[in-house]
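One file, target20.txt, carrying compact mmCIF, C-alpha atoms:
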```txt
# COMPACT_ATOMS: atom_id res chain seq x y z
CA MET A 22 78.18 -0.60 26.35
CA ASN A 23 75.52 1.55 24.69
CA SER A 24 73.28 3.90 26.66
CA LEU A 25 70.37 1.43 26.76
CA GLU A 26 72.57 -1.33 28.15
CA THR A 27 73.96 1.13 30.70
CA LEU A 28 70.42 1.86 31.91
CA LEU A 29 69.74 -1.87 32.28
CA ALA A 30 73.01 -2.43 34.13
CA GLN A 31 72.03 0.34 36.55
CA GLY A 32 68.68 -1.31 37.20
CA GLN A 33 66.70 1.47 35.49
CA VAL A 34 64.45 -0.98 33.70
CA ALA A 35 61.47 1.30 33.13
CA GLN A 36 63.64 4.03 31.63
CA ALA A 37 65.49 1.53 29.43
CA ARG A 38 62.17 0.21 28.13
CA ALA A 39 60.85 3.72 27.48
CA GLU A 40 64.01 4.77 25.62
CA ALA A 41 64.01 1.54 23.55
CA GLU A 42 60.37 2.04 22.59
CA LYS A 43 61.10 5.61 21.48
CA LEU A 44 63.96 4.41 19.29
CA LEU A 45 61.86 1.65 17.76
CA ALA A 46 59.04 4.09 17.01
CA LYS A 47 61.50 6.04 14.88
CA ASN A 48 63.33 3.00 13.48
CA PRO A 49 61.64 -0.45 13.89
CA ASN A 50 64.96 -2.13 13.08
CA HIS A 51 67.10 -0.34 15.67
CA ARG A 52 69.36 -3.21 16.73
CA ASP A 53 70.31 -1.99 20.21
CA ALA A 54 66.68 -1.28 21.07
CA LEU A 55 65.57 -4.68 19.75
CA VAL A 56 68.19 -6.41 21.90
CA VAL A 57 67.10 -4.55 25.03
CA MET A 58 63.43 -5.33 24.39
CA ALA A 59 64.35 -9.00 23.84
CA LYS A 60 66.16 -9.04 27.20
CA LEU A 61 63.14 -7.50 28.92
CA ALA A 62 60.84 -10.04 27.28
CA LEU A 63 63.06 -12.84 28.64
CA VAL A 64 62.88 -11.41 32.15
CA GLU A 65 59.08 -11.55 31.84
CA ASN A 66 59.36 -15.16 30.60
CA LYS A 67 57.98 -14.20 27.18
CA VAL A 68 60.34 -16.47 25.26
CA PRO A 69 58.58 -16.46 21.85
CA GLN A 70 58.45 -12.64 21.91
CA ALA A 71 62.14 -12.51 22.84
CA GLU A 72 63.02 -14.86 19.98
CA GLY A 73 61.11 -12.69 17.49
CA LEU A 74 62.83 -9.51 18.62
CA LEU A 75 66.23 -11.19 18.58
CA ALA A 76 65.70 -12.51 15.05
CA LYS A 77 65.07 -8.96 13.81
CA ALA A 78 68.23 -7.76 15.57
CA GLU A 79 70.34 -10.63 14.22
CA ALA A 80 69.15 -9.92 10.68
CA GLN A 81 71.35 -6.81 10.84
CA GLY A 82 74.40 -8.78 11.91
CA ALA A 83 75.34 -10.75 14.99
CA THR A 84 77.08 -9.02 17.88
CA ALA A 85 78.24 -10.01 21.36
CA GLU A 86 74.94 -8.68 22.71
CA THR A 87 72.82 -10.75 20.32
CA GLY A 88 74.99 -13.77 21.14
CA LEU A 89 74.33 -13.33 24.84
CA VAL A 90 70.59 -13.06 24.31
CA ARG A 91 70.66 -16.15 22.07
CA ALA A 92 72.49 -18.04 24.83
CA ASN A 93 70.07 -16.81 27.50
CA ILE A 94 67.07 -17.92 25.43
CA ALA A 95 68.55 -21.40 25.04
CA ALA A 96 69.27 -21.53 28.76
CA GLN A 97 65.72 -20.49 29.63
CA LYS A 98 64.39 -23.22 27.35
CA GLY A 99 66.57 -25.80 29.12
CA GLN A 100 68.80 -26.32 26.07
CA LEU A 101 72.04 -26.50 28.05
CA ASP A 102 74.35 -27.63 25.26
CA ALA A 103 73.06 -24.95 22.88
CA ALA A 104 73.38 -22.29 25.57
CA LEU A 105 76.92 -23.36 26.45
CA LYS A 106 77.92 -23.28 22.77
CA ALA A 107 76.45 -19.80 22.41
CA TYR A 108 78.29 -18.48 25.48
CA GLN A 109 81.53 -19.95 24.16
CA GLY A 110 80.88 -18.24 20.83
CA VAL A 111 80.60 -14.89 22.57
CA LEU A 112 83.84 -15.55 24.46
CA ALA A 113 85.63 -16.49 21.26
CA ALA A 114 84.85 -13.00 19.98
CA ASP A 115 85.29 -11.19 23.30
CA PRO A 116 87.25 -13.13 25.97
CA ASN A 117 86.65 -10.37 28.51
CA ARG A 118 82.87 -10.57 28.44
CA ALA A 119 82.00 -11.23 32.11
CA GLU A 120 78.33 -12.07 31.42
CA ALA A 121 79.39 -14.84 29.03
CA TRP A 122 81.76 -16.35 31.59
CA PHE A 123 78.97 -16.24 34.15
CA GLY A 124 76.46 -17.87 31.80
CA LYS A 125 79.00 -20.53 30.86
CA GLY A 126 79.61 -21.26 34.54
CA MET A 127 75.91 -21.61 35.23
CA MET A 128 75.46 -24.06 32.36
CA LEU A 129 78.45 -26.11 33.50
CA ILE A 130 77.17 -26.39 37.07
CA LYS A 131 73.83 -27.64 35.72
CA GLN A 132 75.82 -30.31 33.86
CA ASP A 133 77.55 -31.32 37.13
CA LYS A 134 80.91 -30.02 35.93
CA ALA A 135 81.88 -28.23 39.13
CA PRO A 136 85.63 -27.67 38.47
CA GLN A 137 85.00 -26.08 35.07
CA ALA A 138 82.08 -24.10 36.49
CA LEU A 139 84.25 -22.72 39.28
CA GLU A 140 86.85 -21.62 36.77
CA ALA A 141 84.26 -19.82 34.65
CA LEU A 142 82.52 -18.16 37.59
CA SER A 143 85.86 -17.06 39.05
CA GLN A 144 86.68 -15.41 35.74
CA ALA A 145 83.28 -13.66 35.70
CA ALA A 146 83.81 -12.32 39.22
CA LYS A 147 87.34 -11.20 38.30
CA LEU A 148 86.18 -9.32 35.19
CA ALA A 149 83.20 -7.72 36.98
CA PRO A 150 84.41 -7.31 40.57
CA GLN A 151 81.55 -4.96 41.49
CA ASN A 152 78.82 -7.38 40.38
CA PRO A 153 77.43 -9.01 43.57
CA VAL A 154 75.39 -11.62 41.68
CA PHE A 155 78.44 -13.08 39.94
CA ARG A 156 80.38 -13.23 43.21
CA TYR A 157 77.36 -14.67 45.06
CA ARG A 158 76.95 -17.58 42.66
CA LEU A 159 80.70 -18.21 42.82
CA GLY A 160 80.42 -18.48 46.61
CA GLN A 161 77.49 -20.86 46.37
CA VAL A 162 79.29 -23.15 43.94
CA GLN A 163 82.43 -23.08 46.09
CA LEU A 164 80.35 -24.28 49.04
CA GLU A 165 78.65 -26.96 46.93
CA ALA A 166 82.08 -28.14 45.78
CA GLY A 167 83.25 -28.55 49.38
CA LYS A 168 85.46 -25.45 49.34
CA THR A 169 83.89 -24.19 52.54
CA ASP A 170 86.44 -21.58 53.62
CA ALA A 171 86.61 -20.06 50.15
CA GLY A 172 82.82 -20.05 49.84
CA LEU A 173 82.33 -18.34 53.21
CA ALA A 174 84.93 -15.72 52.33
CA THR A 175 83.32 -15.05 48.95
CA LEU A 176 79.87 -14.60 50.47
CA ARG A 177 81.28 -12.15 53.00
CA GLU A 178 82.79 -10.21 50.08
CA VAL A 179 79.32 -10.05 48.52
CA LEU A 180 77.92 -8.43 51.67
CA THR A 181 80.71 -5.87 51.64
CA LEU A 182 79.84 -5.05 48.02
CA ALA A 183 76.07 -5.11 48.49
CA PRO A 184 74.95 -4.78 52.14
CA ARG A 185 71.28 -5.22 51.19
CA PHE A 186 71.77 -8.42 49.14
CA VAL A 187 69.41 -10.72 51.06
CA PRO A 188 70.29 -14.07 49.39
CA ALA A 189 73.92 -13.69 50.48
CA TYR A 190 72.92 -13.28 54.14
CA LEU A 191 70.76 -16.39 53.93
CA SER A 192 73.37 -18.51 52.14
CA LEU A 193 76.16 -17.42 54.49
CA SER A 194 73.98 -18.11 57.53
CA HIS A 195 72.97 -21.55 56.24
CA ALA A 196 76.59 -22.43 55.48
CA LEU A 197 77.70 -21.41 58.98
CA ALA A 198 74.83 -23.37 60.53
CA ALA A 199 75.88 -26.42 58.53
CA GLU A 200 79.31 -26.04 60.17
CA GLU A 201 77.47 -25.95 63.54
CA LYS A 202 78.46 -22.31 64.04
CA LEU A 203 74.95 -21.36 65.08
CA VAL A 204 75.86 -18.19 66.96
CA ASP A 205 77.82 -16.87 63.98
CA ALA A 206 74.96 -17.85 61.67
CA ARG A 207 72.50 -15.84 63.74
CA ARG A 208 74.83 -12.85 63.88
CA VAL A 209 74.91 -12.79 60.08
CA LEU A 210 71.12 -12.66 59.97
CA GLU A 211 70.98 -9.96 62.64
CA GLN A 212 73.43 -7.94 60.54
CA GLY A 213 71.16 -8.48 57.55
CA LEU A 214 68.07 -7.35 59.44
CA LYS A 215 69.83 -4.10 60.31
CA ALA A 216 70.42 -3.53 56.59
CA VAL A 217 66.97 -4.78 55.51
CA PRO A 218 64.62 -4.46 58.51
CA ASN A 219 61.79 -7.00 58.87
CA GLN A 220 62.88 -9.04 55.84
CA PRO A 221 60.55 -12.10 56.05
CA ARG A 222 62.99 -14.86 55.08
CA MET A 223 65.68 -13.59 57.42
CA LEU A 224 63.16 -13.22 60.26
CA ALA A 225 62.07 -16.82 59.74
CA SER A 226 65.68 -18.03 59.75
CA VAL A 227 66.46 -16.06 62.93
CA THR A 228 63.49 -17.77 64.58
CA VAL A 229 64.76 -21.23 63.68
CA LEU A 230 68.32 -20.52 64.76
CA SER A 231 67.25 -18.91 68.02
CA MET A 232 65.13 -21.96 68.83
CA ALA A 233 68.12 -24.19 68.09
CA LEU A 234 70.12 -22.04 70.49
CA ARG A 235 67.29 -22.21 73.04
CA ASP A 236 66.94 -18.43 72.84
CA LEU A 237 63.17 -18.26 73.17
CA ARG A 238 63.09 -14.48 73.59
CA THR A 239 64.81 -13.75 70.27
CA SER A 240 62.77 -16.47 68.53
CA TYR A 241 59.56 -14.91 69.82
CA GLN A 242 60.56 -11.40 68.76
CA ALA A 243 61.45 -12.53 65.24
CA ALA A 244 58.31 -14.65 64.91
CA SER A 245 56.12 -11.77 66.15
CA ALA A 246 57.63 -9.39 63.61
CA LEU A 247 57.13 -11.91 60.79
CA ALA A 248 53.52 -12.63 61.83
CA ALA A 249 52.73 -8.91 61.96
CA GLN A 250 54.19 -8.46 58.50
CA ARG A 251 52.23 -11.45 57.11
CA PRO A 252 48.89 -11.40 58.95
CA LYS A 253 47.28 -14.03 56.73
CA ASP A 254 50.29 -16.30 56.29
CA ALA A 255 49.34 -19.60 57.96
CA ASP A 256 52.96 -20.70 58.47
CA ALA A 257 54.02 -17.42 60.07
CA GLN A 258 50.99 -17.41 62.39
CA ALA A 259 51.45 -21.08 63.34
CA ASN A 260 55.11 -20.45 64.14
CA LEU A 261 54.12 -17.60 66.46
CA ALA A 262 51.41 -19.73 68.08
CA GLN A 263 53.91 -22.51 68.79
CA LEU A 264 56.31 -20.04 70.40
CA MET A 265 53.47 -18.63 72.50
CA LEU A 266 52.83 -22.16 73.73
CA ALA A 267 56.51 -22.60 74.51
CA ARG A 268 56.33 -19.42 76.62
CA GLY A 269 53.23 -20.67 78.41
CA GLN A 270 50.94 -18.13 76.71
CA ILE A 271 48.13 -20.63 76.20
CA GLU A 272 45.21 -18.19 75.95
CA GLN A 273 47.08 -15.90 73.55
CA ALA A 274 47.92 -18.87 71.34
CA ARG A 275 44.30 -20.09 71.38
CA HIS A 276 43.05 -16.60 70.52
CA LEU A 277 45.51 -16.41 67.63
CA CYS A 278 44.39 -19.79 66.27
CA GLN A 279 40.71 -18.87 66.55
CA THR A 280 41.30 -15.49 64.90
CA MET A 281 43.00 -17.19 61.97
CA ALA A 282 40.11 -19.65 61.69
CA SER A 283 37.61 -16.76 61.59
CA LEU A 284 39.61 -15.26 58.72
CA GLY A 285 39.59 -18.54 56.82
CA VAL A 286 43.32 -19.08 57.37
CA ALA A 287 44.03 -22.72 58.23
CA SER A 288 46.91 -25.18 58.10
CA GLU A 289 48.04 -28.41 59.70
CA SER A 290 50.44 -26.49 61.97
CA LEU A 291 47.77 -24.04 63.13
CA LYS A 292 45.41 -26.88 63.97
CA MET A 293 48.18 -28.65 65.88
CA ALA A 294 48.79 -25.50 67.92
CA GLU A 295 45.05 -25.20 68.56
CA ALA A 296 44.91 -28.82 69.72
CA THR A 297 47.75 -28.19 72.14
CA CYS A 298 45.83 -25.21 73.55
CA TYR A 299 42.78 -27.37 74.23
CA GLU A 300 44.84 -30.10 75.86
CA SER A 301 46.59 -27.49 78.03
CA GLN A 302 43.32 -26.20 79.49
CA GLU A 303 42.28 -27.14 83.01
CA PRO A 304 40.55 -29.51 82.77
CA PRO A 305 41.86 -30.58 79.35
CA ALA A 306 39.35 -30.35 76.48
CA TYR A 307 40.38 -33.65 74.92
CA ASP A 308 37.43 -33.85 72.52
CA LYS A 309 38.24 -30.44 71.04
CA ALA A 310 41.92 -31.34 70.80
CA ILE A 311 41.10 -34.55 68.94
CA THR A 312 38.83 -32.64 66.54
CA ALA A 313 41.57 -30.07 65.87
CA TYR A 314 44.08 -32.81 65.05
CA GLU A 315 41.56 -34.49 62.73
CA GLN A 316 41.05 -31.19 60.94
CA GLY A 317 44.82 -30.79 60.65
CA MET A 318 45.06 -34.23 59.04
CA GLY A 319 42.45 -33.18 56.50
CA LEU A 320 44.26 -29.95 55.68
CA ALA A 321 47.51 -31.77 54.89
CA PRO A 322 46.69 -35.09 53.17
CA ASP A 323 50.40 -35.91 52.91
CA GLY A 324 51.39 -34.52 56.31
CA TRP A 325 52.25 -36.90 59.13
CA ARG A 326 52.62 -34.64 62.15
CA ALA A 327 48.94 -34.12 63.01
CA ALA A 328 48.25 -37.85 62.66
CA ASN A 329 51.27 -38.68 64.81
CA ASN A 330 50.25 -36.20 67.50
CA LEU A 331 46.66 -37.43 67.46
CA GLY A 332 47.90 -40.99 67.95
CA GLN A 333 50.00 -39.87 70.89
CA LEU A 334 47.06 -38.00 72.39
CA LEU A 335 44.82 -41.06 72.11
CA LEU A 336 47.47 -43.10 73.93
CA ARG A 337 47.44 -40.76 76.93
CA VAL A 338 43.77 -39.69 77.15
CA PRO A 339 42.18 -41.24 80.26
CA ALA A 340 39.54 -43.79 79.27
CA GLU A 341 37.31 -46.49 80.71
CA PRO A 342 38.33 -49.19 80.19
CA ALA A 343 41.97 -48.09 80.15
CA ASN A 344 42.71 -49.40 76.63
CA ALA A 345 39.51 -48.13 75.03
CA ASN A 346 41.36 -45.68 72.73
CA LEU A 347 44.13 -48.09 71.70
CA PRO A 348 42.54 -49.49 68.52
CA ARG A 349 41.85 -45.99 67.23
CA ALA A 350 45.37 -44.87 68.20
CA VAL A 351 46.81 -47.77 66.20
CA THR A 352 44.69 -46.85 63.16
CA VAL A 353 45.74 -43.20 63.29
CA LEU A 354 49.41 -44.03 63.79
CA GLU A 355 49.32 -46.52 60.92
CA GLU A 356 48.06 -43.65 58.78
CA ALA A 357 50.92 -41.46 60.02
CA VAL A 358 53.40 -44.20 59.06
CA ARG A 359 51.75 -44.58 55.66
CA ARG A 360 52.19 -40.85 55.07
CA ALA A 361 55.80 -40.80 56.25
CA PRO A 362 57.29 -44.31 56.26
CA ASP A 363 60.83 -42.97 56.74
CA ARG A 364 60.07 -40.92 59.85
CA PRO A 365 61.05 -42.61 63.14
CA GLU A 366 58.50 -40.77 65.31
CA PRO A 367 55.27 -42.39 64.07
CA LEU A 368 57.00 -45.79 63.81
CA LEU A 369 58.04 -45.64 67.46
CA ASN A 370 54.63 -44.43 68.60
CA LEU A 371 52.96 -47.21 66.64
CA ALA A 372 55.33 -49.71 68.27
CA LEU A 373 54.31 -48.37 71.71
CA ALA A 374 50.64 -48.68 70.81
CA GLN A 375 51.04 -52.24 69.52
CA ALA A 376 52.97 -53.18 72.67
CA ARG A 377 50.16 -51.86 74.85
CA LEU A 378 47.68 -53.84 72.77
CA GLY A 379 49.68 -57.00 73.45
CA GLN A 380 50.89 -57.26 69.84
CA GLU A 381 54.48 -57.84 70.91
CA GLN A 382 55.78 -59.30 67.65
CA LYS A 383 54.46 -56.35 65.64
CA ALA A 384 55.92 -53.97 68.23
CA LYS A 385 59.34 -55.67 68.00
CA GLU A 386 59.38 -55.41 64.21
CA LEU A 387 58.49 -51.73 64.34
CA VAL A 388 61.03 -50.80 66.99
CA GLN A 389 63.77 -52.64 65.08
CA LYS A 390 62.96 -50.48 62.05
CA VAL A 391 63.43 -47.41 64.24
CA LEU A 392 66.75 -48.67 65.62
CA ALA A 393 67.95 -49.42 62.09
CA MET A 394 67.57 -45.75 61.18
CA PRO A 395 70.59 -43.40 61.40
CA LEU A 396 69.62 -41.80 64.72
CA ALA A 397 72.09 -40.16 67.09
CA GLU A 398 72.39 -42.35 70.17
CA ASP A 399 72.05 -39.44 72.59
CA THR A 400 68.58 -38.40 71.35
CA ASP A 401 65.46 -38.99 73.42
CA LEU A 402 63.88 -40.87 70.53
CA HIS A 403 66.75 -43.36 70.22
CA GLU A 404 66.90 -43.88 73.96
CA GLU A 405 63.14 -44.53 74.13
CA ALA A 406 63.39 -47.02 71.26
CA VAL A 407 66.19 -48.86 73.11
CA ARG A 408 64.12 -49.00 76.30
CA LEU A 409 61.10 -50.36 74.43
CA SER A 410 63.23 -52.96 72.65
CA GLN A 411 64.72 -54.12 75.94
CA ALA A 412 61.28 -54.31 77.59
CA LEU A 413 59.91 -56.37 74.68
CA THR A 414 62.89 -58.72 74.86
CA LYS A 415 62.23 -59.38 78.55
CA ALA A 416 58.50 -59.87 78.04
```
Please go through the file and, once you have read it, give me the structure as structure tokens.
Amino acid sequence: MNSLETLLAQGQVAQARAEAEKLLAKNPNHRDALVVMAKLALVENKVPQAEGLLAKAEAQGATAETGLVRANIAAQKGQLDAALKAYQGVLAADPNRAEAWFGKGMMLIKQDKAPQALEALSQAAKLAPQNPVFRYRLGQVQLEAGKTDAGLATLREVLTLAPRFVPAYLSLSHALAAEEKLVDARRVLEQGLKAVPNQPRMLASVTVLSMALRDLRTSYQAASALAAQRPKDADAQANLAQLMLARGQIEQARHLCQTMASLGVASESLKMAEATCYESQEPPAYDKAITAYEQGMGLAPDGWRAANNLGQLLLRVPAEPANANLPRAVTVLEEAVRRAPDRPEPLLNLALAQARLGQEQKAKELVQKVLAMPLAEDTDLHEEAVRLSQALTKA
């Protein structure tokens, strides 16, 4: 490995660029410098520039380094077969080239050839045992291939090698959560946050896991830290507002939503939190809640949650006569179903609305669609659908 490649391998990109530019100023055909500049152009997604630099380098004779860049260019252009052939060409000349094994593995996984990909990535990790990226991708592919124990072990090895490697914490946590080891999953993220304090993606994942574990205190702490770090991020602020509501902090949540609105920060989730604040007032400000839900629907033309919640609100708002809001509730819930036809929540709410309107046949058809979905039988939603179906059968 020449000195320029050593600088790149050490992550000293600016110095590698400066040294390459100096060499090219003295000799425009300096092959090593051309290769490094081509690699840097690829990182910046400047493919035509990379191809031009590589052509000048190749004119002086192909090497393993030029072969790798040629393969990387093909890969970046989506030419998987050409990239794979180029990586194999490098390996034919140098079987111990870890980068070529890694590139070959990545191309194979994109071609859905998991066994061959695992073999190639394992070889890359073996040849470059201190490279966390190679080992990380091996762990991911092991998990994708159903080799869960091996994948978990590999990801833990990555964290031993590189304690600040954020993607490995996230992947390991997600894999543990998928195995329903939620406490272990959260511990991994907490370990990661000690190594990389206030990392946004890990904070967000801790919030979700803590909520799943019913640990509202930890969820709130993580959400607060994320919101403070991203003061104009609508999702982060909405998440905090929802947790405030869960803790009964209605006024704080309303103030947060109004502050975001004054800053021009808006989202469906923020408007839903705002609507909940209005409905939680004493007496409830139903008109303001309805307006907030309507605004949420407008902010997310493909979102179904605000429409579903508005339909539910219309079903429970006191009115004279009692069914005055039912037609509008049906219209809104039909829109929610249109936006998300595969979601059981709006279908069930629409069935309830139709039943209250006396449209029993429509309600039966809707509730049967819900019951035909793969819902766990011990969920509130499934149980409510069963109760409605039984009531309609007796009617």
Do a neighbour search on Gln242 in chain A at 9 Å with only C-alpha atoms, toss out local chain neighbours closer than 5 positions, and write the hits as a PyMOL selection string. chain A and resi 228+237+247
Within 9 Å of range 279-289 of chain A using only C-alpha atoms, minus same-chain residues under 6 positions, as an mmCIF file with C-alpha atoms, keeping the file's coordinate frame:
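Result written to out_30.cif:
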```cif
data_model
loop_
_atom_site.group_PDB
_atom_site.id
_atom_site.type_symbol
_atom_site.label_atom_id
_atom_site.label_comp_id
_atom_site.auth_asym_id
_atom_site.auth_seq_id
_atom_site.Cartn_x
_atom_site.Cartn_y
_atom_site.Cartn_z
ATOM 1 C CA PRO A 252 48.890 -11.400 58.950
ATOM 2 C CA LYS A 253 47.280 -14.030 56.730
ATOM 3 C CA ASP A 254 50.290 -16.300 56.290
ATOM 4 C CA ALA A 255 49.340 -19.600 57.960
ATOM 5 C CA ASP A 256 52.960 -20.700 58.470
ATOM 6 C CA GLN A 258 50.990 -17.410 62.390
ATOM 7 C CA ALA A 259 51.450 -21.080 63.340
ATOM 8 C CA GLU A 295 45.050 -25.200 68.560
ATOM 9 C CA TYR A 314 44.080 -32.810 65.050
ATOM 10 C CA GLN A 316 41.050 -31.190 60.940
ATOM 11 C CA GLY A 317 44.820 -30.790 60.650
ATOM 12 C CA MET A 318 45.060 -34.230 59.040
ATOM 13 C CA GLY A 319 42.450 -33.180 56.500
ATOM 14 C CA LEU A 320 44.260 -29.950 55.680
ATOM 15 C CA ALA A 321 47.510 -31.770 54.890
ATOM 16 C CA GLY A 324 51.390 -34.520 56.310
ATOM 17 C CA ARG A 326 52.620 -34.640 62.150
ATOM 18 C CA ALA A 327 48.940 -34.120 63.010
#
```
As an exercise, work out the distance from CA of Leu335 in chain A to CA of Glu300 in chain A in Å and give it to one decimal place.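 Separation of CA of Leu335 in chain A and CA of Glu300 in chain A: 11.6 Å.
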Atom pair CA of Ala372 in chain A / CA of Ala384 in chain A: separation (Å): 4.3 Å
Neighbours of range 160-164 of chain A within 10 Å (all atoms listed in the file; same-chain residues fewer than 3 positions away dropped), as a ChimeraX atom specification? /A:126-127,130,135-136,138-139,142-143,154-157,167-179,189,192-193,196
Rounded to one decimal place, report the CA of Glu120 in chain A-CA of Leu105 in chain A distance in Å.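 Pair CA of Glu120 in chain A / CA of Leu105 in chain A returns 12.4 Å.
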Polymer residues at most 8 Å from Leu214 in chain A, all atoms listed in the file, same-chain spacing of 5 or more positions, as a VMD selection string: chain A and resid 219 to 220 223 to 224
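Among A:Gln212, A:Pro304, A:Leu396, A:Gln389, the residue with the shortest atom-to-atom distance to Leu409 in chain A, counting all atoms listed in the file, is A:Gln389.
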Using all atoms listed in the file and a cutoff of 8 Å, can you tell me which residues are near (43.4, -28.1, 67.0) in the file's coordinates, and write them out as number ranges by chain? A: 291-299, 309-317
Output file for the selection above: C-alpha atoms, as a CSV table (one decimal), in the frame of the given file:
```csv
chain,number,residue,atom,x,y,z
A,291,LEU,CA,47.8,-24.0,63.1
A,292,LYS,CA,45.4,-26.9,64.0
A,293,MET,CA,48.2,-28.6,65.9
A,294,ALA,CA,48.8,-25.5,67.9
A,295,GLU,CA,45.0,-25.2,68.6
A,296,ALA,CA,44.9,-28.8,69.7
A,297,THR,CA,47.8,-28.2,72.1
A,298,CYS,CA,45.8,-25.2,73.6
A,299,TYR,CA,42.8,-27.4,74.2
A,309,LYS,CA,38.2,-30.4,71.0
A,310,ALA,CA,41.9,-31.3,70.8
A,311,ILE,CA,41.1,-34.6,68.9
A,312,THR,CA,38.8,-32.6,66.5
A,313,ALA,CA,41.6,-30.1,65.9
A,314,TYR,CA,44.1,-32.8,65.0
A,315,GLU,CA,41.6,-34.5,62.7
A,316,GLN,CA,41.0,-31.2,60.9
A,317,GLY,CA,44.8,-30.8,60.6
```
Given only C-alpha atoms as the counted atoms, nearest of A:Leu392, A:Val64, A:Val209, A:Ala113 to Pro365 in chain A: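 Going through A:Leu392, A:Val64, A:Val209, A:Ala113 one by one, the smallest distance to Pro365 in chain A is for A:Leu392.
Each of A:Glu72, A:Glu26, A:Asp363, A:Glu398 was checked against Gln97 in chain A using all atoms listed in the file; the smallest atom-to-atom distance is that of A:Glu72.
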Just the residues within 7 Å of range 367-369 of chain A, please, counting only C-alpha atoms, with nothing from its chain fewer than 6 positions along; format it as a list of chain:residue names.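 The filter keeps A:Asn329, A:Leu354, A:Ala357, A:Val358, A:Leu387, A:Val388, A:Val391, A:Ala406.
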Given the choices A:Ala243, A:Leu261, A:Arg408, A:Ala85, which gets closest to Lys385 in chain A if the distance is worked out from all atoms listed in the file?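 When distances to Lys385 in chain A are compared using all atoms listed in the file, the smallest one comes from A:Arg408.
Take the candidates A:Ala59, A:Ala249, A:Ala412, A:Ala121 and check each one against Ala146 in chain A using only C-alpha atoms; the shortest distance goes to A:Ala121.
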As a PDB file, in the coordinates of the input, the rebuilt range 184-198 of chain A with N, CA and C atoms:
```pdb
ATOM      1  N   PRO A 184      75.438  -4.495  50.787  1.00  0.00           N
ATOM      2  CA  PRO A 184      74.950  -4.780  52.140  1.00  0.00           C
ATOM      3  C   PRO A 184      73.470  -5.115  52.233  1.00  0.00           C
ATOM      4  N   ARG A 185      72.705  -4.903  51.166  1.00  0.00           N
ATOM      5  CA  ARG A 185      71.280  -5.220  51.190  1.00  0.00           C
ATOM      6  C   ARG A 185      70.946  -6.455  50.335  1.00  0.00           C
ATOM      7  N   PHE A 186      71.958  -7.240  50.002  1.00  0.00           N
ATOM      8  CA  PHE A 186      71.770  -8.420  49.140  1.00  0.00           C
ATOM      9  C   PHE A 186      71.310  -9.592  50.004  1.00  0.00           C
ATOM     10  N   VAL A 187      70.003  -9.747  50.118  1.00  0.00           N
ATOM     11  CA  VAL A 187      69.410 -10.720  51.060  1.00  0.00           C
ATOM     12  C   VAL A 187      69.867 -12.154  50.820  1.00  0.00           C
ATOM     13  N   PRO A 188      69.881 -12.667  49.570  1.00  0.00           N
ATOM     14  CA  PRO A 188      70.290 -14.070  49.390  1.00  0.00           C
ATOM     15  C   PRO A 188      71.657 -14.400  49.966  1.00  0.00           C
ATOM     16  N   ALA A 189      72.573 -13.427  49.953  1.00  0.00           N
ATOM     17  CA  ALA A 189      73.920 -13.690  50.480  1.00  0.00           C
ATOM     18  C   ALA A 189      73.891 -13.871  51.991  1.00  0.00           C
ATOM     19  N   TYR A 190      73.066 -13.082  52.689  1.00  0.00           N
ATOM     20  CA  TYR A 190      72.920 -13.280  54.140  1.00  0.00           C
ATOM     21  C   TYR A 190      72.394 -14.669  54.438  1.00  0.00           C
ATOM     22  N   LEU A 191      71.375 -15.081  53.687  1.00  0.00           N
ATOM     23  CA  LEU A 191      70.760 -16.390  53.930  1.00  0.00           C
ATOM     24  C   LEU A 191      71.744 -17.523  53.632  1.00  0.00           C
ATOM     25  N   SER A 192      72.423 -17.441  52.506  1.00  0.00           N
ATOM     26  CA  SER A 192      73.370 -18.510  52.140  1.00  0.00           C
ATOM     27  C   SER A 192      74.523 -18.584  53.127  1.00  0.00           C
ATOM     28  N   LEU A 193      75.049 -17.432  53.538  1.00  0.00           N
ATOM     29  CA  LEU A 193      76.160 -17.420  54.490  1.00  0.00           C
ATOM     30  C   LEU A 193      75.702 -17.983  55.837  1.00  0.00           C
ATOM     31  N   SER A 194      74.501 -17.601  56.266  1.00  0.00           N
ATOM     32  CA  SER A 194      73.980 -18.110  57.530  1.00  0.00           C
ATOM     33  C   SER A 194      73.771 -19.620  57.477  1.00  0.00           C
ATOM     34  N   HIS A 195      73.196 -20.108  56.374  1.00  0.00           N
ATOM     35  CA  HIS A 195      72.970 -21.550  56.240  1.00  0.00           C
ATOM     36  C   HIS A 195      74.294 -22.317  56.231  1.00  0.00           C
ATOM     37  N   ALA A 196      75.293 -21.758  55.550  1.00  0.00           N
ATOM     38  CA  ALA A 196      76.590 -22.430  55.480  1.00  0.00           C
ATOM     39  C   ALA A 196      77.240 -22.489  56.863  1.00  0.00           C
ATOM     40  N   LEU A 197      77.139 -21.419  57.629  1.00  0.00           N
ATOM     41  CA  LEU A 197      77.700 -21.410  58.980  1.00  0.00           C
ATOM     42  C   LEU A 197      76.951 -22.384  59.885  1.00  0.00           C
ATOM     43  N   ALA A 198      75.629 -22.430  59.732  1.00  0.00           N
ATOM     44  CA  ALA A 198      74.830 -23.370  60.530  1.00  0.00           C
ATOM     45  C   ALA A 198      75.210 -24.808  60.208  1.00  0.00           C
TER      46      ALA A 198
END
```
